[in-house]
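Participant: Input query14.cif, format and content: mmCIF, C-alpha atoms.
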```cif
data_target
#
loop_
_atom_site.group_PDB
_atom_site.id
_atom_site.type_symbol
_atom_site.label_atom_id
_atom_site.label_comp_id
_atom_site.auth_asym_id
_atom_site.auth_seq_id
_atom_site.Cartn_x
_atom_site.Cartn_y
_atom_site.Cartn_z
ATOM 1 C CA MET A 431 172.633 133.329 127.624
ATOM 2 C CA ALA A 432 170.160 136.142 127.059
ATOM 3 C CA GLY A 433 167.487 133.529 126.342
ATOM 4 C CA ASN A 434 168.086 131.849 129.699
ATOM 5 C CA ALA A 435 167.968 135.152 131.550
ATOM 6 C CA ASN A 436 164.719 136.038 129.800
ATOM 7 C CA MET A 437 163.206 132.661 130.656
ATOM 8 C CA MET A 438 164.249 133.020 134.316
ATOM 9 C CA ARG A 439 162.666 136.484 134.435
ATOM 10 C CA GLN A 440 159.443 135.110 132.944
ATOM 11 C CA LEU A 441 159.390 132.267 135.489
ATOM 12 C CA GLN A 442 159.887 134.708 138.344
ATOM 13 C CA GLU A 443 157.067 136.891 137.012
ATOM 14 C CA MET A 444 154.804 133.853 136.749
ATOM 15 C CA GLN A 445 155.656 132.808 140.324
ATOM 16 C CA ALA A 446 154.820 136.301 141.568
ATOM 17 C CA LYS A 447 151.509 136.275 139.672
ATOM 18 C CA MET A 448 150.687 132.808 141.017
ATOM 19 C CA ALA A 449 151.382 133.938 144.584
ATOM 20 C CA ARG A 450 149.144 136.983 144.053
ATOM 21 C CA ILE A 451 146.347 134.829 142.633
ATOM 22 C CA GLN A 452 146.633 132.396 145.556
ATOM 23 C CA ASP A 453 146.333 135.306 147.995
ATOM 24 C CA GLU A 454 143.321 136.662 146.114
ATOM 25 C CA LEU A 455 141.661 133.233 146.102
ATOM 26 C CA GLY A 456 141.725 133.252 149.886
ATOM 27 C CA GLN A 457 139.705 136.480 149.828
ATOM 28 C CA LYS A 458 137.074 135.274 147.348
ATOM 29 C CA GLU A 459 133.973 133.461 148.509
ATOM 30 C CA VAL A 460 131.568 131.070 146.821
ATOM 31 C CA VAL A 461 128.235 129.757 148.081
ATOM 32 C CA GLY A 462 126.649 126.324 147.896
ATOM 33 C CA THR A 463 123.034 125.704 148.786
ATOM 34 C CA ALA A 464 120.737 122.738 149.253
ATOM 35 C CA GLY A 465 117.059 122.182 149.868
ATOM 36 C CA GLY A 466 116.036 125.299 147.995
ATOM 37 C CA GLY A 467 118.322 127.455 150.133
ATOM 38 C CA VAL A 468 117.445 126.123 153.592
ATOM 39 C CA VAL A 469 121.103 125.116 154.007
ATOM 40 C CA THR A 470 123.879 127.413 152.794
ATOM 41 C CA ALA A 471 127.627 126.803 152.921
ATOM 42 C CA VAL A 472 130.251 129.445 152.159
ATOM 43 C CA ALA A 473 133.789 128.511 151.087
ATOM 44 C CA ASN A 474 136.797 130.529 150.013
ATOM 45 C CA GLY A 475 139.101 129.933 147.058
ATOM 46 C CA HIS A 476 141.370 127.800 149.249
ATOM 47 C CA GLN A 477 138.585 125.221 149.659
ATOM 48 C CA GLN A 478 138.009 126.179 153.279
ATOM 49 C CA ILE A 479 134.445 126.190 154.589
ATOM 50 C CA LEU A 480 133.856 129.587 156.182
ATOM 51 C CA SER A 481 130.299 129.152 157.373
ATOM 52 C CA VAL A 482 127.231 126.945 157.302
ATOM 53 C CA GLU A 483 123.786 128.437 157.797
ATOM 54 C CA ILE A 484 120.703 126.340 158.470
ATOM 55 C CA ASN A 485 117.224 127.778 158.279
ATOM 56 C CA PRO A 486 115.363 126.738 161.459
ATOM 57 C CA ASP A 487 112.555 125.382 159.270
ATOM 58 C CA ALA A 488 114.976 122.686 158.066
ATOM 59 C CA VAL A 489 115.461 121.317 161.572
ATOM 60 C CA ASP A 490 113.154 118.396 162.198
ATOM 61 C CA PRO A 491 114.267 116.317 165.208
ATOM 62 C CA LYS A 492 112.474 113.341 163.689
ATOM 63 C CA ASP A 493 114.471 113.553 160.452
ATOM 64 C CA VAL A 494 118.065 114.414 161.336
ATOM 65 C CA GLU A 495 119.283 112.342 158.389
ATOM 66 C CA LEU A 496 117.657 114.754 155.922
ATOM 67 C CA LEU A 497 119.382 117.714 157.563
ATOM 68 C CA GLN A 498 122.726 115.890 157.450
ATOM 69 C CA ASP A 499 122.223 115.200 153.741
ATOM 70 C CA LEU A 500 121.362 118.847 153.082
ATOM 71 C CA VAL A 501 124.471 120.076 154.916
ATOM 72 C CA LEU A 502 126.642 117.604 153.033
ATOM 73 C CA ALA A 503 125.147 118.658 149.688
ATOM 74 C CA ALA A 504 125.608 122.375 150.404
ATOM 75 C CA VAL A 505 129.215 121.906 151.541
ATOM 76 C CA ASN A 506 130.082 119.768 148.528
ATOM 77 C CA GLU A 507 128.542 122.340 146.176
ATOM 78 C CA ALA A 508 130.516 125.140 147.820
ATOM 79 C CA LEU A 509 133.750 123.148 147.527
ATOM 80 C CA ASP A 510 133.032 122.335 143.871
ATOM 81 C CA ARG A 511 132.496 126.020 143.154
ATOM 82 C CA SER A 512 135.681 126.875 145.034
ATOM 83 C CA ARG A 513 137.688 124.415 142.916
ATOM 84 C CA GLU A 514 136.122 125.841 139.748
ATOM 85 C CA LEU A 515 137.050 129.358 140.880
ATOM 86 C CA ALA A 516 140.655 128.334 141.550
ATOM 87 C CA ALA A 517 140.929 126.522 138.214
ATOM 88 C CA SER A 518 139.544 129.556 136.393
ATOM 89 C CA GLU A 519 141.858 132.013 138.124
ATOM 90 C CA LEU A 520 144.982 129.878 137.711
ATOM 91 C CA GLY A 521 143.956 128.962 134.158
ATOM 92 C CA GLN A 522 144.238 132.625 133.186
ATOM 93 C CA LEU A 523 147.836 132.602 134.355
ATOM 94 C CA THR A 524 148.843 129.524 132.394
ATOM 95 C CA ALA A 525 146.660 130.056 129.304
ATOM 96 C CA GLY A 526 149.468 131.094 126.980
ATOM 97 C CA LEU A 527 152.028 128.565 128.151
ATOM 98 C CA GLY A 528 150.736 125.545 126.257
ATOM 99 C CA LEU A 529 150.801 123.381 129.375
ATOM 100 C CA PRO A 530 148.554 120.334 129.646
ATOM 101 C CA PRO A 531 145.345 120.917 131.654
ATOM 102 C CA GLY A 532 145.644 120.163 135.352
ATOM 103 C CA LEU A 533 149.437 120.506 135.454
ATOM 104 C CA ILE A 534 149.339 123.579 137.687
#
```
Show me this structure written as structure tokens.
Facilitator:
Amino acid sequence: MAGNANMMRQLQEMQAKMARIQDELGQKEVVGTAGGGVVTAVANGHQQILSVEINPDAVDPKDVELLQDLVLAAVNEALDRSRELAASELGQLTAGLGLPPGLI
């Protein structure tokens, strides 16, 4: 019985830590850029895009497709970095549990 109580306590502690990490991820920001920095996208650890900045020099009315590609690239880079951040933060929580990668 003591083993079960100990395991329940450990699970509750892990849930509390996971909730804290999730909250912290929402406060952390990562940046993705494209075109040498002419387009910048900022995302948080919840994979939400917070802002997109476009240098006026990148705006060419004759080549809107290039600008669209740059925005897409910057946003995708920011989201990739956000996922890496979340995996790193949550990986610290589960490191000693022996769980298969990607389970949590």
Participant: Could you check how far atom CA of Leu502 of chain A sits from atom CA of Ala517 of chain A, in Å to one decimal?
Facilitator: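 Going from atom CA of Leu502 of chain A over to atom CA of Ala517 of chain A covers 22.4 Å.
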Participant: Nearest to Ala464 of chain A: which of A:Ser518, A:Thr524, A:Asn485, A:Gln440 is it, counting only C-alpha atoms?
Facilitator: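 Among the listed residues, the smallest separation from Ala464 of chain A belongs to A:Asn485.
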Participant: Mind telling me what the PyMOL selection byres ((chain A and resi 451) around 10) catches here, as a PDB file with C-alpha atoms, in the coordinates of the input?
Facilitator:
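As a result, result-v8.pdb now contains:
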```pdb
ATOM      1  CA  GLN A 445     155.656 132.808 140.324  1.00  0.00           C
ATOM      2  CA  ALA A 446     154.820 136.301 141.568  1.00  0.00           C
ATOM      3  CA  LYS A 447     151.509 136.275 139.672  1.00  0.00           C
ATOM      4  CA  MET A 448     150.687 132.808 141.017  1.00  0.00           C
ATOM      5  CA  ALA A 449     151.382 133.938 144.584  1.00  0.00           C
ATOM      6  CA  ARG A 450     149.144 136.983 144.053  1.00  0.00           C
ATOM      7  CA  GLN A 452     146.633 132.396 145.556  1.00  0.00           C
ATOM      8  CA  ASP A 453     146.333 135.306 147.995  1.00  0.00           C
ATOM      9  CA  GLU A 454     143.321 136.662 146.114  1.00  0.00           C
ATOM     10  CA  LEU A 455     141.661 133.233 146.102  1.00  0.00           C
ATOM     11  CA  GLY A 456     141.725 133.252 149.886  1.00  0.00           C
ATOM     12  CA  GLN A 457     139.705 136.480 149.828  1.00  0.00           C
ATOM     13  CA  GLY A 475     139.101 129.933 147.058  1.00  0.00           C
ATOM     14  CA  ALA A 516     140.655 128.334 141.550  1.00  0.00           C
ATOM     15  CA  GLU A 519     141.858 132.013 138.124  1.00  0.00           C
ATOM     16  CA  LEU A 520     144.982 129.878 137.711  1.00  0.00           C
ATOM     17  CA  GLN A 522     144.238 132.625 133.186  1.00  0.00           C
ATOM     18  CA  LEU A 523     147.836 132.602 134.355  1.00  0.00           C
TER      19      LEU A 523
END
```
Participant: Which one of A:Val469, A:Ile479, A:Met437, A:Val489 sits closest to Asp510 of chain A if you count only C-alpha atoms?
Facilitator: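 Counting only C-alpha atoms, the residue closest to Asp510 of chain A is A:Ile479.
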Participant: Quick one, how far is atom CA of Lys492 of chain A from atom CA of Asn506 of chain A?
Facilitator: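 Answer for the atom CA of Lys492 of chain A to atom CA of Asn506 of chain A separation: 24.1 Å.
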Participant: Excluding Ile484 of chain A and any residue of its chain fewer than 5 positions from it, enumerate the residues within 12 Å of it, using all atoms listed in the file, and give them as a count of residues only.
Facilitator: 19
Participant: Grab all the atoms of segment 489-502 of chain A that the file lists, wrap them in a box along x, y and z, add 4 Å per side, and give me centre plus edge lengths in Å (one decimal) as JSON.
Facilitator:
```
{"center_x": 119.6, "center_y": 116.8, "center_z": 159.1, "size_x": 22.2, "size_y": 17.0, "size_z": 20.2}
```
Participant: For Val461 of chain A, which residue among A:Met444, A:Met438, A:Val482, A:Ala488 is the nearest when counting all atoms listed in the file?
Facilitator: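 Under the stated criterion, the closest residue is A:Val482.
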Participant: Could you check how far atom CA of Arg511 of chain A sits from atom CA of Gln478 of chain A, in Å to one decimal?
Facilitator: 11.5 Å
